[in-house]
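This is start.txt (compact mmCIF, C-alpha atoms).
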# COMPACT_ATOMS: atom_id res chain seq x y z
CA MET A 1 -35.61 -10.70 -32.87
CA ALA A 2 -33.24 -7.80 -33.47
CA SER A 3 -32.58 -6.97 -37.09
CA GLY A 4 -29.25 -7.73 -38.76
CA LYS A 5 -28.08 -4.15 -38.68
CA GLU A 6 -28.71 -3.75 -34.95
CA ILE A 7 -26.81 -6.90 -34.13
CA ARG A 8 -23.94 -5.84 -36.34
CA SER A 9 -23.56 -2.51 -34.57
CA GLN A 10 -23.75 -4.27 -31.22
CA ILE A 11 -20.99 -6.63 -32.29
CA SER A 12 -18.77 -3.80 -33.43
CA SER A 13 -19.27 -1.88 -30.19
CA ILE A 14 -18.37 -4.95 -28.15
CA LYS A 15 -15.31 -5.45 -30.30
CA ASN A 16 -14.25 -1.88 -29.58
CA THR A 17 -14.63 -2.47 -25.85
CA GLN A 18 -12.63 -5.64 -26.23
CA LYS A 19 -9.81 -3.72 -27.86
CA ILE A 20 -9.71 -1.33 -24.93
CA THR A 21 -9.77 -4.06 -22.29
CA SER A 22 -7.08 -6.08 -24.01
CA ALA A 23 -4.90 -2.96 -24.32
CA MET A 24 -5.44 -2.28 -20.61
CA GLU A 25 -4.54 -5.86 -19.85
CA MET A 26 -1.23 -5.54 -21.66
CA VAL A 27 -0.43 -2.20 -20.03
CA ALA A 28 -1.23 -3.65 -16.62
CA ALA A 29 0.93 -6.70 -17.32
CA SER A 30 3.98 -4.59 -18.12
CA LYS A 31 3.37 -2.27 -15.18
CA MET A 32 2.88 -5.24 -12.92
CA LYS A 33 6.37 -6.49 -13.68
CA LYS A 34 7.86 -3.13 -12.74
CA ALA A 35 5.71 -2.82 -9.64
CA GLN A 36 6.79 -6.28 -8.49
CA ASP A 37 10.43 -5.39 -9.01
CA ARG A 38 9.97 -2.26 -6.94
CA MET A 39 8.24 -4.23 -4.25
CA LEU A 40 11.07 -6.75 -4.09
CA ALA A 41 13.67 -3.97 -4.12
CA SER A 42 12.13 -2.26 -1.12
CA ARG A 43 11.80 -5.47 0.88
CA PRO A 44 15.39 -5.57 2.22
CA TYR A 45 14.91 -2.23 3.98
CA SER A 46 11.71 -3.19 5.77
CA GLU A 47 13.04 -6.67 6.60
CA LYS A 48 16.27 -5.33 8.04
CA ILE A 49 14.59 -2.59 9.99
CA SER A 50 12.09 -5.11 11.41
CA ARG A 51 15.03 -7.22 12.49
CA VAL A 52 16.61 -4.28 14.29
CA ILE A 53 13.29 -3.55 15.98
CA GLY A 54 13.19 -7.22 16.99
CA HIS A 55 16.65 -6.87 18.56
CA LEU A 56 15.54 -3.69 20.26
CA ALA A 57 12.62 -5.47 21.92
CA TYR A 58 15.18 -7.70 23.65
CA ALA A 59 17.70 -5.02 24.49
CA HIS A 60 17.29 -3.99 28.10
CA SER A 61 17.14 -0.33 27.39
CA GLU A 62 17.00 2.13 30.26
CA PHE A 63 14.75 4.28 28.09
CA GLU A 64 11.38 2.92 27.10
CA HIS A 65 9.96 4.57 24.03
CA PRO A 66 6.20 5.26 24.05
CA TYR A 67 5.80 3.34 20.77
CA MET A 68 6.93 0.17 22.50
CA LYS A 69 4.66 0.47 25.51
CA LYS A 70 1.23 -1.03 25.45
CA MET A 71 -1.49 1.43 26.35
CA GLU A 72 -3.78 0.26 29.09
CA LYS A 73 -6.88 2.14 28.08
CA LEU A 74 -8.09 1.99 24.51
CA ASP A 75 -10.69 4.53 23.46
CA ARG A 76 -9.56 5.71 20.04
CA VAL A 77 -7.57 3.92 17.37
CA GLY A 78 -6.13 5.06 14.06
CA ILE A 79 -6.13 3.14 10.80
CA ILE A 80 -4.13 4.07 7.72
CA ILE A 81 -5.96 2.73 4.68
CA ILE A 82 -4.03 2.26 1.48
CA SER A 83 -6.03 1.95 -1.75
CA SER A 84 -5.51 2.54 -5.44
CA ASP A 85 -6.20 5.85 -7.19
CA ARG A 86 -7.94 4.28 -10.14
CA GLY A 87 -10.67 1.72 -10.53
CA LEU A 88 -11.16 -1.13 -13.01
CA CYS A 89 -9.05 -3.45 -10.94
CA GLY A 90 -11.59 -6.09 -9.96
CA GLY A 91 -12.61 -6.46 -6.35
CA LEU A 92 -9.29 -5.27 -4.99
CA ASN A 93 -10.42 -2.14 -3.18
CA THR A 94 -13.85 -3.51 -2.29
CA ASN A 95 -12.36 -6.54 -0.57
CA LEU A 96 -9.97 -4.37 1.42
CA PHE A 97 -12.69 -1.91 2.42
CA ARG A 98 -14.92 -4.75 3.52
CA SER A 99 -12.29 -6.18 5.84
CA VAL A 100 -11.52 -2.68 7.18
CA LEU A 101 -15.20 -2.06 7.82
CA THR A 102 -15.49 -5.31 9.76
CA LYS A 103 -12.53 -4.22 11.86
CA ILE A 104 -14.04 -0.77 12.41
CA LYS A 105 -17.36 -2.34 13.40
CA GLU A 106 -15.57 -4.54 15.95
CA TYR A 107 -13.94 -1.48 17.49
CA GLN A 108 -17.14 0.52 17.53
CA ASP A 109 -19.09 -2.33 19.13
CA SER A 110 -16.61 -2.35 21.99
CA GLY A 111 -16.95 1.40 22.38
CA VAL A 112 -13.71 2.41 20.70
CA ASN A 113 -13.70 5.33 18.28
CA VAL A 114 -11.85 5.11 14.99
CA ASP A 115 -9.84 7.76 13.19
CA ILE A 116 -8.77 7.02 9.67
CA CYS A 117 -6.24 8.31 7.26
CA THR A 118 -6.52 7.45 3.59
CA ILE A 119 -3.93 6.98 0.89
CA GLY A 120 -5.39 6.77 -2.61
CA LYS A 121 -8.51 8.33 -4.11
CA LYS A 122 -10.70 5.26 -3.84
CA ALA A 123 -10.34 5.04 -0.07
CA THR A 124 -11.00 8.75 0.36
CA SER A 125 -14.20 8.71 -1.67
CA PHE A 126 -15.39 5.51 -0.02
CA PHE A 127 -14.76 6.43 3.59
CA LYS A 128 -15.85 10.05 3.52
CA ASN A 129 -19.46 8.92 3.58
CA PHE A 130 -19.11 6.85 6.72
CA GLY A 131 -19.07 9.62 9.28
CA LEU A 132 -15.59 8.68 10.41
CA ASP A 133 -12.98 11.27 11.09
CA ILE A 134 -10.52 11.38 8.19
CA LYS A 135 -7.40 12.89 9.70
CA ALA A 136 -5.21 13.05 6.63
CA THR A 137 -5.21 11.98 3.04
CA THR A 138 -2.80 11.60 0.15
CA SER A 139 -3.56 10.64 -3.41
CA ASN A 140 -2.13 10.77 -6.92
CA LEU A 141 1.03 9.03 -5.84
CA GLY A 142 1.33 7.38 -9.24
CA ASP A 143 2.98 4.08 -10.04
CA THR A 144 6.33 5.07 -8.56
CA PRO A 145 5.53 6.50 -5.15
CA HIS A 146 8.20 8.50 -3.37
CA PHE A 147 9.02 8.03 0.24
CA ASP A 148 8.62 11.78 0.81
CA ASP A 149 4.99 11.73 -0.28
CA LEU A 150 4.04 9.58 2.67
CA LEU A 151 5.87 11.42 5.42
CA GLY A 152 3.24 14.09 5.99
CA THR A 153 0.36 11.67 6.17
CA VAL A 154 2.15 9.30 8.51
CA LYS A 155 3.28 12.20 10.67
CA VAL A 156 -0.30 13.35 11.25
CA MET A 157 -1.15 9.94 12.70
CA LEU A 158 2.06 9.72 14.74
CA ASP A 159 1.42 13.18 16.14
CA GLY A 160 -2.01 11.94 17.16
CA TYR A 161 -0.39 9.05 18.95
CA ASP A 162 2.21 11.25 20.62
CA ALA A 163 -0.51 13.58 21.83
CA GLY A 164 -2.45 10.64 23.23
CA ASP A 165 -5.44 11.12 20.91
CA ILE A 166 -5.12 7.59 19.61
CA GLN A 167 -3.73 4.61 21.49
CA LYS A 168 -3.18 2.27 18.60
CA LEU A 169 -2.27 2.64 14.94
CA SER A 170 -2.79 0.06 12.22
CA VAL A 171 -2.25 0.00 8.50
CA ALA A 172 -4.60 -1.69 6.00
CA TYR A 173 -3.45 -2.70 2.54
CA ASN A 174 -3.52 -5.54 0.07
CA LYS A 175 -0.67 -7.91 0.63
CA PHE A 176 0.84 -9.31 -2.53
CA GLU A 177 0.95 -13.11 -2.37
CA ASN A 178 1.18 -13.91 -6.02
CA THR A 179 -0.28 -12.65 -9.28
CA MET A 180 -3.59 -14.41 -8.67
CA THR A 181 -4.06 -13.73 -4.97
CA GLN A 182 -4.05 -10.54 -2.99
CA ALA A 183 -4.81 -10.73 0.70
CA PRO A 184 -6.46 -7.74 2.40
CA THR A 185 -4.36 -7.20 5.51
CA VAL A 186 -4.79 -5.03 8.59
CA SER A 187 -1.62 -4.99 10.64
CA GLN A 188 -0.77 -3.16 13.81
CA LEU A 189 2.04 -0.58 13.67
CA ILE A 190 2.16 0.84 17.17
CA PRO A 191 2.40 -0.12 19.94
CA MET A 192 4.85 -2.53 18.45
CA VAL A 193 4.30 -6.22 18.64
CA ALA A 194 7.49 -7.93 19.72
CA ALA A 195 9.18 -10.06 17.09
CA GLU A 196 10.57 -13.51 17.73
CA ALA A 197 13.85 -13.78 19.61
CA ASP A 198 16.86 -15.37 17.99
CA GLY A 199 18.96 -16.33 20.98
CA MET A 200 19.32 -12.83 22.35
CA ASP A 201 17.70 -13.25 25.72
CA HIS A 202 20.87 -12.62 27.72
CA HIS A 203 21.23 -9.23 29.34
CA TRP A 204 22.61 -6.64 26.97
CA ASP A 205 21.91 -3.18 25.64
CA TYR A 206 23.01 -0.97 22.81
CA ILE A 207 25.41 1.89 23.10
CA TYR A 208 23.32 4.82 21.94
CA GLU A 209 24.78 7.79 20.16
CA PRO A 210 23.98 10.59 20.71
CA GLU A 211 21.10 9.87 23.13
CA ALA A 212 18.85 6.83 23.45
CA GLU A 213 15.76 8.93 23.00
CA ASP A 214 16.93 10.64 19.80
CA VAL A 215 18.16 7.47 18.19
CA LEU A 216 15.04 5.53 19.08
CA ASN A 217 12.82 8.32 17.82
CA ALA A 218 14.63 8.37 14.51
CA LEU A 219 14.66 4.59 14.22
CA LEU A 220 11.02 3.97 15.13
CA MET A 221 9.84 6.76 12.85
CA ARG A 222 11.70 5.18 9.95
CA TYR A 223 10.38 1.78 10.89
CA ILE A 224 6.78 2.92 10.71
CA GLU A 225 7.33 4.84 7.50
CA ALA A 226 9.08 1.83 6.00
CA LEU A 227 6.13 -0.41 6.85
CA VAL A 228 3.64 2.03 5.36
CA TYR A 229 5.80 2.45 2.27
CA GLN A 230 6.10 -1.32 1.91
CA GLY A 231 2.31 -1.57 2.19
CA LEU A 232 1.95 1.06 -0.51
CA VAL A 233 4.27 -0.61 -3.02
CA GLU A 234 2.67 -3.99 -2.33
CA ASN A 235 -0.72 -2.46 -2.90
CA ILE A 236 0.43 -1.05 -6.24
CA ALA A 237 1.73 -4.44 -7.32
CA CYS A 238 -1.63 -5.92 -6.27
CA GLU A 239 -3.49 -3.23 -8.16
CA GLN A 240 -1.68 -3.95 -11.41
CA SER A 241 -1.98 -7.71 -11.19
CA SER A 242 -5.61 -7.51 -10.16
CA ARG A 243 -6.31 -5.12 -13.04
CA MET A 244 -4.54 -7.43 -15.44
CA ILE A 245 -6.72 -10.35 -14.36
CA ALA A 246 -9.91 -8.29 -14.39
CA MET A 247 -9.14 -7.01 -17.88
CA LYS A 248 -8.24 -10.48 -19.09
CA SER A 249 -11.57 -11.87 -18.00
CA ALA A 250 -13.34 -8.83 -19.48
CA THR A 251 -11.60 -9.49 -22.80
CA ASP A 252 -12.56 -13.16 -22.66
CA ASN A 253 -16.16 -12.31 -21.83
CA ALA A 254 -16.31 -9.84 -24.72
CA GLY A 255 -15.02 -12.60 -27.00
CA ASP A 256 -17.78 -14.95 -25.81
CA MET A 257 -20.42 -12.28 -26.34
CA VAL A 258 -19.18 -11.56 -29.85
CA LYS A 259 -19.32 -15.29 -30.63
CA ASP A 260 -22.90 -15.59 -29.39
CA LEU A 261 -24.00 -12.46 -31.23
CA GLU A 262 -22.38 -13.62 -34.45
CA LEU A 263 -24.37 -16.85 -34.17
CA VAL A 264 -27.58 -14.86 -33.70
CA TYR A 265 -26.60 -12.57 -36.56
CA ASN A 266 -25.93 -15.47 -38.93
CA LYS A 267 -29.21 -17.13 -37.97
CA ALA A 268 -31.06 -13.90 -38.69
CA ARG A 269 -29.27 -13.49 -42.00
CA GLN A 270 -30.04 -17.07 -42.98
CA ALA A 271 -33.68 -16.67 -42.02
CA ALA A 272 -33.90 -13.52 -44.15
CA ILE A 273 -32.35 -15.27 -47.17
CA THR A 274 -34.63 -18.29 -46.79
CA GLN A 275 -37.60 -16.01 -46.60
CA GLU A 276 -36.49 -14.11 -49.70
CA ILE A 277 -35.96 -17.31 -51.69
CA SER A 278 -39.33 -18.70 -50.70
CA GLU A 279 -40.94 -15.40 -51.71
CA ILE A 280 -39.22 -15.51 -55.11
CA VAL A 281 -40.15 -19.16 -55.59
CA SER A 282 -43.76 -18.62 -54.67
CA GLY A 283 -43.82 -15.50 -56.86
CA ALA A 284 -42.43 -17.49 -59.80
CA ALA A 285 -44.98 -20.26 -59.20
CA ALA A 286 -47.81 -17.75 -59.29
CA VAL A 287 -46.81 -16.46 -62.72
CA MET B 1 41.21 -12.29 9.91
CA SER B 2 37.57 -12.40 10.89
CA THR B 3 35.04 -10.46 8.90
CA ILE B 4 31.82 -8.63 9.62
CA HIS B 5 28.70 -8.77 7.48
CA VAL B 6 27.60 -5.41 6.11
CA ASP B 7 24.19 -4.50 4.73
CA ILE B 8 23.52 -1.03 3.41
CA VAL B 9 19.90 -0.46 2.44
CA CYS B 10 17.68 2.43 1.48
CA ALA B 11 13.90 2.33 1.19
CA THR B 12 13.87 1.61 -2.52
CA GLU B 13 16.83 -0.74 -2.91
CA SER B 14 19.69 -2.61 -1.32
CA LEU B 15 22.93 -0.67 -1.85
CA TYR B 16 25.51 -3.11 -0.53
CA SER B 17 25.53 -6.53 1.00
CA GLY B 18 28.64 -8.56 1.78
CA ASP B 19 31.43 -9.35 4.21
CA ALA B 20 34.06 -6.78 5.09
CA ASN B 21 37.14 -6.38 7.23
CA CYS B 22 35.93 -3.11 8.62
CA VAL B 23 33.45 -0.30 8.00
CA PHE B 24 33.67 3.44 8.53
CA ALA B 25 30.42 5.36 8.93
CA PRO B 26 29.68 9.07 9.44
CA ALA B 27 27.92 8.93 12.81
CA SER B 28 26.35 12.14 14.01
CA THR B 29 29.00 12.50 16.72
CA GLY B 30 31.88 11.91 14.30
CA GLU B 31 33.14 9.17 12.04
CA ILE B 32 33.22 5.72 13.62
CA GLY B 33 35.20 2.69 12.57
CA ILE B 34 33.55 -0.68 13.10
CA TYR B 35 35.61 -3.85 13.27
CA PRO B 36 34.34 -7.42 13.82
CA LYS B 37 33.08 -8.13 17.37
CA HIS B 38 32.17 -4.52 17.95
CA MET B 39 29.77 -3.86 20.80
CA ALA B 40 26.08 -3.47 20.01
CA LEU B 41 25.62 0.12 18.93
CA LEU B 42 22.76 2.19 17.62
CA SER B 43 23.54 5.60 16.21
CA THR B 44 22.15 8.20 13.85
CA LEU B 45 24.17 9.11 10.78
CA LYS B 46 24.79 12.42 9.13
CA PRO B 47 25.14 12.75 5.36
CA GLY B 48 28.49 11.46 4.24
CA GLU B 49 30.52 8.58 2.94
CA VAL B 50 30.44 5.01 4.17
CA ARG B 51 33.67 3.14 3.47
CA VAL B 52 33.63 -0.63 3.40
CA GLU B 53 37.07 -2.25 3.45
CA THR B 54 37.30 -5.71 1.99
CA ASP B 55 40.21 -7.84 0.81
CA GLN B 56 39.46 -6.64 -2.71
CA GLY B 57 39.76 -2.98 -1.81
CA VAL B 58 37.61 -0.18 -0.47
CA ASP B 59 33.99 0.44 -1.52
CA SER B 60 32.69 3.91 -0.98
CA ILE B 61 28.96 4.58 -0.73
CA TYR B 62 27.27 7.89 -0.13
CA VAL B 63 24.45 8.02 2.39
CA SER B 64 22.22 11.02 2.98
CA GLY B 65 21.88 10.44 6.70
CA GLY B 66 20.14 7.57 8.42
CA ILE B 67 20.79 5.04 11.13
CA VAL B 68 23.43 2.42 11.82
CA GLU B 69 22.88 -0.69 13.88
CA VAL B 70 25.90 -2.70 14.97
CA GLN B 71 25.72 -6.24 16.29
CA PRO B 72 28.95 -8.17 16.98
CA ASN B 73 28.90 -9.79 13.55
CA VAL B 74 26.45 -7.68 11.52
CA VAL B 75 26.37 -4.02 10.59
CA THR B 76 23.16 -2.65 9.11
CA ILE B 77 23.07 0.85 7.68
CA PHE B 78 19.72 2.43 6.86
CA SER B 79 20.18 5.25 4.42
CA ASP B 80 17.49 7.89 4.12
CA THR B 81 15.94 8.57 0.78
CA ALA B 82 13.80 11.45 1.82
CA ILE B 83 15.24 14.79 2.74
CA ARG B 84 14.30 15.40 6.31
CA ALA B 85 13.85 18.64 8.04
CA HIS B 86 11.46 19.34 10.82
CA ASP B 87 9.77 22.29 9.07
CA LEU B 88 9.37 20.34 5.87
CA ASP B 89 7.68 17.42 7.61
CA GLU B 90 5.45 19.83 9.45
CA SER B 91 4.26 21.55 6.28
CA LYS B 92 3.65 18.20 4.58
CA ALA B 93 1.58 17.07 7.54
CA LEU B 94 -0.47 20.25 7.31
CA GLU B 95 -1.05 19.79 3.59
CA SER B 96 -2.21 16.26 4.14
CA LYS B 97 -4.63 17.41 6.84
CA GLN B 98 -6.04 20.10 4.59
CA ARG B 99 -6.70 17.62 1.82
CA ALA B 100 -8.60 15.46 4.28
CA GLU B 101 -10.71 18.42 5.39
CA GLU B 102 -11.50 19.32 1.79
CA ALA B 103 -12.54 15.77 1.04
CA MET B 104 -14.78 15.71 4.11
CA ALA B 105 -16.33 19.06 3.19
CA ASN B 106 -17.14 17.81 -0.29
CA ALA B 107 -18.77 14.68 1.03
CA ASP B 108 -22.32 15.93 0.51
CA SER B 109 -22.11 18.63 -2.13
CA GLY B 110 -19.66 17.01 -4.53
CA PHE B 111 -20.99 14.92 -7.38
CA ASP B 112 -20.22 11.39 -6.38
CA ILE B 113 -20.79 8.74 -9.01
CA SER B 114 -20.91 5.76 -6.68
CA SER B 115 -23.50 7.21 -4.31
CA THR B 116 -25.57 8.49 -7.25
CA GLN B 117 -25.52 5.03 -8.76
CA ALA B 118 -26.63 3.53 -5.46
CA ALA B 119 -29.51 6.01 -5.24
CA LEU B 120 -30.47 5.25 -8.86
CA ALA B 121 -30.50 1.51 -8.21
CA GLU B 122 -32.67 2.05 -5.17
CA SER B 123 -35.29 4.12 -6.99
CA MET B 124 -35.27 1.62 -9.88
CA ALA B 125 -36.06 -1.14 -7.43
CA GLN B 126 -38.85 0.94 -5.92
CA LEU B 127 -40.34 1.64 -9.35
CA GLN B 128 -40.25 -2.05 -10.19
CA MET B 129 -41.98 -2.86 -6.92
CA ILE B 130 -44.69 -0.28 -7.60
CA SER B 131 -45.36 -1.58 -11.10
CA LYS B 132 -45.55 -5.14 -9.75
CA MET B 133 -48.05 -4.09 -7.08
CA ARG B 134 -50.15 -2.31 -9.69
CA GLY B 135 -50.13 -5.39 -11.89
CA LYS B 136 -51.44 -7.47 -8.98
CA GLY B 137 -54.05 -4.90 -8.04
CA LYS B 138 -55.72 -5.06 -11.46

Output the structure of this file as structure tokens.
Amino acid sequence: MASGKEIRSQISSIKNTQKITSAMEMVAASKMKKAQDRMLASRPYSEKISRVIGHLAYAHSEFEHPYMKKMEKLDRVGIIIISSDRGLCGGLNTNLFRSVLTKIKEYQDSGVNVDICTIGKKATSFFKNFGLDIKATTSNLGDTPHFDDLLGTVKVMLDGYDAGDIQKLSVAYNKFENTMTQAPTVSQLIPMVAAEADGMDHHWDYIYEPEAEDVLNALLMRYIEALVYQGLVENIACEQSSRMIAMKSATDNAGDMVKDLELVYNKARQAAITQEISEIVSGAAAV
Amino acid sequence: MSTIHVDIVCATESLYSGDANCVFAPASTGEIGIYPKHMALLSTLKPGEVRVETDQGVDSIYVSGGIVEVQPNVVTIFSDTAIRAHDLDESKALESKQRAEEAMANADSGFDISSTQAALAESMAQLQMISKMRGKGK
């Protein structure tokens, strides 16, 4: 059995760890609130722009944009993977990477190559060892990402699509459901999947100004960027809530360990005292 | 008088949402006025002022370019938050590519904690196996 002193130092080191984890929990909790607010604030934009895209799918436009056409042959796809920059957030990134890897495996089994693009340090360091082609990467976006930071990365993938290098582009991120659950999600960006119609199936079309092609280019570009941005802010909200929960359970576990060790320590102390007393008693009896 | 629903949004927040008598927006071909039951229209915007006229008065909102979608009873204005210029986007795309190349180049040489840990765990398991085998052999 470990001596009293050893146990005491173990207890104090666990207590120190506990202080750190509980501080991290509180920081994550306050950041989570802000991240959720940001996520909710950016929802109107992506919802509205999805609605317009939905309308567009039913407009009988004389110009068909390449992003809306389904490619017949599929031999290379692109995936944008959004992860956190920092760890200590439970299984958040691991779960996402696992579902992305399953997806990649599916593609590779059917003879389709995969190009990836990573946002966040964790994804970059995870996927660089897989022999996949990382086309672009962005990290250190912080807790308040700016729209501008994403443009370059998204543009690389869109250029790939325009040039015909990839025939499909998806984005993978953790979807925020509530504080306790985050769902790893892989959703297709282009070619676009038509949204549901809301009574717009009669024959109509927009008036485009200046030209259909220019307007559609601008609109679809913003649509894709908005979806990626929405994925990013959701992922940040997930990161904070997942970290909060991970740190909470770490703090609880540290508390349990301290309790157990204190029991062991007290037992050891009691045993030592008993032994001392019996030594004194037997010593006194011998005199 | 009939009204038209107006939503003005940018990527980070909703700037305006409500009913209006009419809306004026700085379309790239010149300012357009939108009244209820306007034809479906899709246009790019240049930086400028959007004026929303309601019974209470006129609200003025600045947009830094973007897109306007008009449906007979809804106007949606997407304001840009990012400053867009072709050259700027291009250079950002290049930067992003370079970072990816650097990360790929460092895949083997760079000190990577996770892969080192994996290798460590593997050799630990091997050592354990060897010591077990030895124990049996004796």

Checklist entry - Using all atoms listed in the file, which residues sit within 8 Å of region 24-27 of chain B once same-chain residues fewer than 4 positions away are excluded, as an MDAnalysis selection string? => result chainID B and resid 31:34 43:52 68

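CA of Val258 (chain A) is found 25.3 Å from CA of Gln275 (chain A).
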
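You can rank A:Lys155, A:Lys248, A:Lys34, A:Lys122 by their closest distance to chain B using all atoms listed in the file, and at the top of that list sits A:Lys155.
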
Checklist entry - Given a cut-off of 8 Å, which residues of chain B touch chain A, counting only C-alpha atoms, written out as a ChimeraX atom specification? => result /B:9-14,28-29,39-44,67,69,76,78,81-83,89-101,103-104,107

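We find CA of Ile20 (chain A) and CA of Leu92 (chain A) to be spaced 20.3 Å apart.
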
Checklist outcome for this item: Atom pair CA of Ile4 (chain B) + CA of Tyr16 (chain B), distance 13.2 Å

Item to check | Given all atoms listed in the file as the counted atoms, nearest of A:Ser12, A:Thr144, A:Gln182, A:Ser249 to Leu88 (chain A) | outcome: A:Ser249

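The smallest atom-to-atom distance between Thr185 (chain A) and any of A:Val264, A:Ala172, A:Met24, A:Met221, using only C-alpha atoms, is found for A:Ala172.
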
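You can rank A:Leu189, A:Ala272, A:Leu232, A:Ile14 by their closest distance to Gly255 (chain A) using only C-alpha atoms, and at the top of that list sits A:Ile14.
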